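Q: My questions will all concern the structure given below.
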Amino acid sequence: MPQPLQPLQPVGPSDASLSPRFVGIATFARLPRLEDVGHADIVVVGVPFDSGVSYRPGARFGPAHVREASRLLRPYNPVQDVEPFNAQQVVDAGDIVANPFDIDEAVTQIEVAARHLGQNDTRLVTIGGDHTIALPLLRAVAAKHGPVAVLHFDAHLDTWDTYFGAPITHGTPFRRASEEGLIDLTASLHIGIRGPLYSSDDLTDDARLGFAIIAGHELETEGVTRVIERMLARLGDRPVYVSVDIDVLDPAHAPGTGTPEAGGLTSRELLAIIRALRSVNLVGADVVEVAPAYDHAQITAVAASHVAYELISAMTPRAARA
């Protein structure tokens with residue numbers, strides 16, 4: 001009697017004891033490419049686009065920079081007690097092509113590609129690129145799940161209206177997303193906001209658009225544990241999309257970014273908060289605004305690669321944890 005087919009084991013990273021980490025093409029965490037596996041539960045994909053920046057350019061080189069730094073990631077996550085690459089098929093899908101001379105066309109290209117890569121139950125962890133890319137990524141996610149709770153780590157609100165009359169830039173994606181009905185107005189949250197604003201109206205507008213705020217200085221006064229409690233209470237049981245602008249970190253921990261602000265989170269604080277998302281229904285994520293021209297010794301890229309790793313770990317099925 002023929003035996004039933006057994007499910008294939010996920011293909012994981014290259015074995016560092018057989019192939020040195022500095023050898024070969026730099027996929028994220030040395031994972032297999034999508035074309036070599038064919039199926040994926042989680043797709044890591046780059047979007048090398050930075051035509052929406054308002055200050056220092058260079059985030060278009062972020063995906064390659066983060067992939068290089070991710071060579072040191074290992075298969076077992078001891079803090080979350082999970083093997084994220086063994087419990088699910090995680091792959092690197094390369095980069096999405098986005099027109100660097102036409103923001104509107106680029107946004108369309110990103111959305112189309114994200115919808116294609118995110119078919120069925122596949123979830124995307126996207127490496128930017130500037131924060132403009134969050135808008136088309138949210139369009140793709142909301143097409144599957146409806147309005148999602150956006151958990152936004154950033155020094156800046158990114159809910160401004162326009163820059164020089166342009167409605168789609170790295171400072172406007174969450175305003176457009178709110179106006180388009182892509183986000184859950186009762187459950188979305190910024191963490192790490194700090195620095196000067198244009199006026200107090202920025203905060204009024206932000207609240208109207210559906211966001212609560214845990215500001216950067218509250219990490220110091222309340223501590224990580226209380227911030228996690230507030231975050232989880234806000235998110236509830238909604239589908240959650242996480243967007244991490246690496247400038248949420250203090251410039252001491254992430255100098256390689258386009259619009260740095262003093263007084264940010266440490267990398268340890270950020271990773272601790274993200275690890276708490278393992279109990280949340282994560283439907284997608286991005287890590288953006290890594291600009292290698294301003295980085296030193298891969299400080300920013302190392303932080304960003306670990307953020308992506310912790311997000312993938314948090315997406316691991318609960319049954320695999322048990």
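Residues in the structure tokens are numbered from 1 in each chain, the chains being A, B, ... in the order shown, and ligands are numbered from 1 in the order shown.
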Write down as a list in words the residues of stretch 19-78 of chain A whose backbone DSSP state falls under helix (DSSP H, G or I).
A: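 Answer for stretch 19-78 of chain A, restricted to helix (DSSP H, G or I): Phe28, Ala29, Arg30, Leu34, Glu35, Asp36, Val37, Ala59, Arg60, Phe61, Gly62, Pro63, Ala64, His65, Val66, Arg67, Glu68, Ala69, Ser70, Arg71 and Leu72 of chain A.
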Q: Quick one: everything within 7 Å of stretch 167-171 of chain A, counting only C-alpha atoms, minus sequence neighbours fewer than 5 positions away in the same chain. Send it as a list in words.
A: Gly52, Val53, Asp130, His131, Thr132, Asp158, Thr159, Trp160, Asp161 and Thr162 of chain A
Q: Would you please work out which residue, of A:Pro251, A:Pro173, A:Gly62, A:Pro84, is nearest to A:Ala304 when using only C-alpha atoms?
A: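 Looking at the shortest contact to A:Ala304, the residue is A:Gly62.
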Q: Skipping near chain neighbours, those fewer than 3 positions away, what residues fall within 12 Å of A:Glu269 using only C-alpha atoms, listed as a ChimeraX atom specification?
A: /A:153,191-192,216,219-220,223-225,227-228,248-250,253,264-266,272-276,303,307
Q: Using backbone DSSP assignments, extract all strand (DSSP E or B) residues from stretch 48-224 of chain A; output them as a ChimeraX atom specification.
A: /A:77,82,90-95,123-128,148-153,163,166,183,188-193,211-215
Q: Find, counting only C-alpha atoms, the residue in A:His296, A:Arg278, A:His152, A:Arg33 that gets nearest to A:Thr316.
A: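 Nearest to A:Thr316: A:Arg278.
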Q: How many Å separate atom CA of A:Asp50 from atom CA of A:Ala207?
A: 27.2 Å
Q: Go through stretch 41-83 of chain A and flag each residue having an atom no more than 7 Å from stretch 280-295 of chain A; for those, report the closest pair of atoms plus their distance in Å to one decimal, using only C-alpha atoms, ordered by chain and rising number, as CSV.
A:
residue,atom,partner,partner_atom,distance
A:Gly58,CA,A:Ala291,CA,4.9
A:Ala59,CA,A:Ala291,CA,4.2
A:Phe61,CA,A:Ala291,CA,6.5
A:Gly62,CA,A:Val290,CA,4.9
A:His65,CA,A:Pro292,CA,6.5
Q: Show me, as a compact mmCIF listing (two decimals) with N, CA, C and O atoms, in the first residue's frame, the residues that have an atom within 8 Å of A:Ala69 when counting only C-alpha atoms, minus same-chain residues fewer than 4 positions from it.
A:
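Saved as around.txt:
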# COMPACT_ATOMS: atom_id res chain seq x y z
N HIS A 65 22.77 46.26 2.06
CA HIS A 65 23.55 46.49 3.27
C HIS A 65 23.05 45.61 4.42
O HIS A 65 23.85 45.01 5.16
N GLN A 298 28.86 48.79 10.08
CA GLN A 298 27.58 48.08 9.94
C GLN A 298 26.70 48.19 11.19
O GLN A 298 25.80 47.36 11.40
N ALA A 301 23.08 48.46 10.07
CA ALA A 301 22.65 47.26 9.35
C ALA A 301 22.52 46.06 10.28
O ALA A 301 21.61 45.24 10.13
N VAL A 302 23.42 45.94 11.24
CA VAL A 302 23.33 44.85 12.21
C VAL A 302 22.03 44.99 13.01
O VAL A 302 21.29 44.00 13.21
N SER A 305 19.08 44.08 10.74
CA SER A 305 18.97 42.65 10.45
C SER A 305 18.40 41.90 11.65
O SER A 305 17.62 40.96 11.50
Q: Return the single residue from A:Ala215, A:Phe22, A:Leu185, A:Thr259 that is closest to A:Pro57, with distances computed using only C-alpha atoms.
A: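 Of A:Ala215, A:Phe22, A:Leu185, A:Thr259, the one nearest A:Pro57 is A:Thr259, counting only C-alpha atoms.
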Q: Per residue of stretch 47-122 of chain A within 6 Å of stretch 135-149 of chain A, which atom pair is closest and at what distance in Å (one decimal), using only C-alpha atoms, listed by chain and increasing number, as JSON lines?
A:
{"residue": "A:Val107", "atom": "CA", "partner": "A:Pro136", "partner_atom": "CA", "distance": 5.6}
{"residue": "A:Glu111", "atom": "CA", "partner": "A:Pro136", "partner_atom": "CA", "distance": 4.6}
{"residue": "A:Arg115", "atom": "CA", "partner": "A:Ala140", "partner_atom": "CA", "distance": 5.2}
Q: Would you save the residues of that selection, restricted to N, CA, C and O atoms, as an mmCIF file, in the first residue's frame?
A:
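out13.cif, written as the output of this step:
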data_model
loop_
_atom_site.group_PDB
_atom_site.id
_atom_site.type_symbol
_atom_site.label_atom_id
_atom_site.label_comp_id
_atom_site.auth_asym_id
_atom_site.auth_seq_id
_atom_site.Cartn_x
_atom_site.Cartn_y
_atom_site.Cartn_z
ATOM 1 N N VAL A 107 5.271 53.250 -6.699
ATOM 2 C CA VAL A 107 4.298 52.790 -5.707
ATOM 3 C C VAL A 107 3.400 51.702 -6.294
ATOM 4 O O VAL A 107 3.108 50.694 -5.639
ATOM 5 N N GLU A 111 3.217 47.747 -5.011
ATOM 6 C CA GLU A 111 1.950 47.118 -4.618
ATOM 7 C C GLU A 111 1.676 45.852 -5.421
ATOM 8 O O GLU A 111 1.297 44.818 -4.862
ATOM 9 N N ARG A 115 1.471 42.164 -3.726
ATOM 10 C CA ARG A 115 0.273 41.323 -3.835
ATOM 11 C C ARG A 115 0.628 39.945 -4.394
ATOM 12 O O ARG A 115 0.110 38.920 -3.933
#
Q: Pick the closest to A:Glu68 from A:Ala29, A:Val37, A:Ile213, A:Ala134: which is it, counting only C-alpha atoms?
A: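 Nearest candidate to A:Glu68 out of A:Ala29, A:Val37, A:Ile213, A:Ala134: A:Ala29.
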Q: What's the 7 Å shell around A:Ala254, counting only C-alpha atoms, without same-chain residues fewer than 6 positions away, as a PyMOL selection string?
A: chain A and resi 246-247+299-300
Q: Go ahead and save the residues from that selection, with N, CA, C and O atoms, as a tab-separated table (two decimals), in the first residue's frame.
A:
chain	number	residue	atom	x	y	z
A	246	ILE	N	14.25	52.65	11.02
A	246	ILE	CA	15.41	52.41	11.87
A	246	ILE	C	15.82	53.64	12.65
A	246	ILE	O	16.54	53.54	13.65
A	247	ASP	N	15.32	54.84	12.25
A	247	ASP	CA	15.67	56.04	13.03
A	247	ASP	C	14.90	56.12	14.34
A	247	ASP	O	15.08	57.07	15.11
A	299	ILE	N	26.89	49.22	12.01
A	299	ILE	CA	26.10	49.35	13.24
A	299	ILE	C	24.61	49.34	12.93
A	299	ILE	O	23.82	48.60	13.55
A	300	THR	N	24.21	50.16	11.98
A	300	THR	CA	22.79	50.28	11.64
A	300	THR	C	22.28	49.02	10.98
A	300	THR	O	21.18	48.54	11.27
Q: In Å, rounded to a single decimal, give me how far atom CA of A:Val242 is from atom CA of A:Asp202.
A: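 Here the two named atoms are 21.8 Å from each other.
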Q: Would you list the contacts of A:Val91 as a list in words, taking every protein, DNA or RNA residue within 6 Å and counting only C-alpha atoms, but skipping same-chain residues closer than 3 positions in sequence?
A: Leu31, Pro32, Arg33, Leu34 and Val43 of chain A
Q: Go ahead and write the selection's residues with C-alpha atoms as a PDB file, in the first residue's frame.
A:
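Below is the file result09.pdb, written as the result:
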ATOM      1  CA  LEU A  31      18.437  31.716   3.399  1.00  0.00           C
ATOM      2  CA  PRO A  32      17.489  30.014   0.137  1.00  0.00           C
ATOM      3  CA  ARG A  33      16.170  32.086  -2.723  1.00  0.00           C
ATOM      4  CA  LEU A  34      12.485  31.874  -3.580  1.00  0.00           C
ATOM      5  CA  VAL A  43       9.203  36.079   2.105  1.00  0.00           C
TER       6      VAL A  43
END
Q: What does the distance from atom CA of A:Gly258 to atom CA of A:Ser243 come to in Å, to one decimal?
A: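 Those two atoms sit 16.3 Å apart.
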Q: Could you name the residues that touch A:Pro13 at 12 Å or less, counting only C-alpha atoms, but leaving out those on the same chain fewer than 2 positions away, as a ChimeraX atom specification?
A: /A:10-11,15-21,26-33,70-76,83-86,89-92
Q: For the residues selected in the previous step, produce a file with N, CA, C and O atoms as a compact mmCIF listing (two decimals), in the first residue's frame.
A:
# COMPACT_ATOMS: atom_id res chain seq x y z
N PRO A 10 11.25 22.46 5.89
CA PRO A 10 11.72 23.75 5.36
C PRO A 10 13.21 23.71 5.06
O PRO A 10 13.98 23.06 5.77
N VAL A 11 13.60 24.38 4.02
CA VAL A 11 15.01 24.54 3.68
C VAL A 11 15.53 25.76 4.43
O VAL A 11 14.99 26.86 4.29
N ASP A 15 24.77 26.00 6.08
CA ASP A 15 25.44 25.58 7.30
C ASP A 15 26.78 26.30 7.42
O ASP A 15 27.69 26.10 6.60
N ALA A 16 26.91 27.14 8.45
CA ALA A 16 28.13 27.94 8.61
C ALA A 16 29.34 27.09 8.98
O ALA A 16 30.48 27.56 8.88
N SER A 17 29.11 25.84 9.39
CA SER A 17 30.24 24.96 9.69
C SER A 17 30.79 24.30 8.43
O SER A 17 31.88 23.72 8.45
N LEU A 18 30.03 24.41 7.33
CA LEU A 18 30.48 23.84 6.06
C LEU A 18 30.85 24.90 5.04
O LEU A 18 31.70 24.67 4.18
N SER A 19 30.20 26.06 5.13
CA SER A 19 30.46 27.16 4.21
C SER A 19 30.61 28.44 5.01
O SER A 19 29.66 28.86 5.69
N PRO A 20 31.79 29.06 5.01
CA PRO A 20 31.99 30.28 5.81
C PRO A 20 30.94 31.35 5.50
O PRO A 20 30.45 31.46 4.38
N ARG A 21 30.60 32.12 6.49
CA ARG A 21 29.54 33.11 6.37
C ARG A 21 29.84 34.18 5.32
O ARG A 21 28.93 34.80 4.78
N ALA A 26 24.87 37.18 -0.89
CA ALA A 26 24.29 37.55 0.41
C ALA A 26 22.77 37.60 0.32
O ALA A 26 22.18 38.64 0.02
N THR A 27 22.12 36.46 0.58
CA THR A 27 20.69 36.49 0.83
C THR A 27 20.49 36.81 2.31
O THR A 27 21.43 36.72 3.11
N PHE A 28 19.27 37.18 2.69
CA PHE A 28 19.02 37.48 4.09
C PHE A 28 19.25 36.23 4.94
O PHE A 28 18.68 35.17 4.68
N ALA A 29 20.12 36.36 5.93
CA ALA A 29 20.46 35.27 6.87
C ALA A 29 20.94 34.02 6.15
O ALA A 29 20.86 32.93 6.69
N ARG A 30 21.43 34.18 4.91
CA ARG A 30 21.92 33.08 4.08
C ARG A 30 20.82 32.06 3.79
O ARG A 30 21.05 30.86 3.63
N LEU A 31 19.59 32.56 3.70
CA LEU A 31 18.44 31.72 3.40
C LEU A 31 18.40 31.37 1.92
O LEU A 31 19.02 32.04 1.08
N PRO A 32 17.64 30.33 1.56
CA PRO A 32 17.49 30.01 0.14
C PRO A 32 16.71 31.09 -0.60
O PRO A 32 15.92 31.83 0.01
N ARG A 33 16.93 31.16 -1.89
CA ARG A 33 16.17 32.09 -2.72
C ARG A 33 14.80 31.48 -3.04
O ARG A 33 14.65 30.27 -3.09
N SER A 70 23.32 40.54 7.80
CA SER A 70 22.52 39.41 8.30
C SER A 70 23.26 38.08 8.18
O SER A 70 22.73 37.05 8.63
N ARG A 71 24.43 38.07 7.57
CA ARG A 71 25.18 36.82 7.44
C ARG A 71 25.45 36.16 8.80
O ARG A 71 25.63 34.95 8.88
N LEU A 72 25.51 36.93 9.85
CA LEU A 72 25.84 36.41 11.18
C LEU A 72 24.64 35.88 11.95
O LEU A 72 24.80 35.34 13.05
N LEU A 73 23.44 36.05 11.42
CA LEU A 73 22.27 35.51 12.11
C LEU A 73 22.31 33.99 12.14
O LEU A 73 22.74 33.36 11.18
N ARG A 74 21.83 33.42 13.23
CA ARG A 74 21.89 31.97 13.40
C ARG A 74 20.48 31.38 13.52
O ARG A 74 19.52 32.11 13.78
N PRO A 75 20.33 30.06 13.35
CA PRO A 75 18.99 29.47 13.24
C PRO A 75 18.14 29.47 14.51
O PRO A 75 16.92 29.46 14.42
N TYR A 76 18.77 29.45 15.70
CA TYR A 76 17.99 29.34 16.94
C TYR A 76 17.94 30.68 17.65
O TYR A 76 18.98 31.30 17.91
N GLU A 83 13.05 28.16 16.56
CA GLU A 83 13.90 28.08 15.37
C GLU A 83 13.08 28.57 14.18
O GLU A 83 12.38 27.78 13.53
N PRO A 84 13.11 29.85 13.89
CA PRO A 84 12.17 30.42 12.92
C PRO A 84 12.33 29.89 11.51
O PRO A 84 11.37 29.87 10.74
N PHE A 85 13.54 29.43 11.14
CA PHE A 85 13.76 28.95 9.78
C PHE A 85 13.49 27.45 9.65
O PHE A 85 13.48 26.92 8.54
N ASN A 86 13.30 26.77 10.80
CA ASN A 86 13.00 25.34 10.79
C ASN A 86 11.50 25.09 10.91
O ASN A 86 11.00 24.06 10.46
N GLN A 89 8.85 27.87 6.19
CA GLN A 89 9.74 28.13 5.07
C GLN A 89 9.91 29.62 4.89
O GLN A 89 8.98 30.33 4.55
N VAL A 90 11.13 30.09 5.13
CA VAL A 90 11.47 31.50 4.95
C VAL A 90 12.46 31.60 3.80
O VAL A 90 13.42 30.83 3.74
N VAL A 91 12.23 32.53 2.89
CA VAL A 91 13.09 32.66 1.71
C VAL A 91 13.41 34.13 1.48
O VAL A 91 12.76 35.03 2.01
N ASP A 92 14.41 34.34 0.65
CA ASP A 92 14.74 35.68 0.16
C ASP A 92 14.28 35.75 -1.29
O ASP A 92 14.71 34.97 -2.13
Q: Could you check the closest approach to A:Leu182 for each of A:Pro100, A:Pro239, A:Gly118, A:Gly129 and tell me which residue wins, using only C-alpha atoms?
A: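 Checking each candidate against A:Leu182, we get A:Pro239 as the closest.
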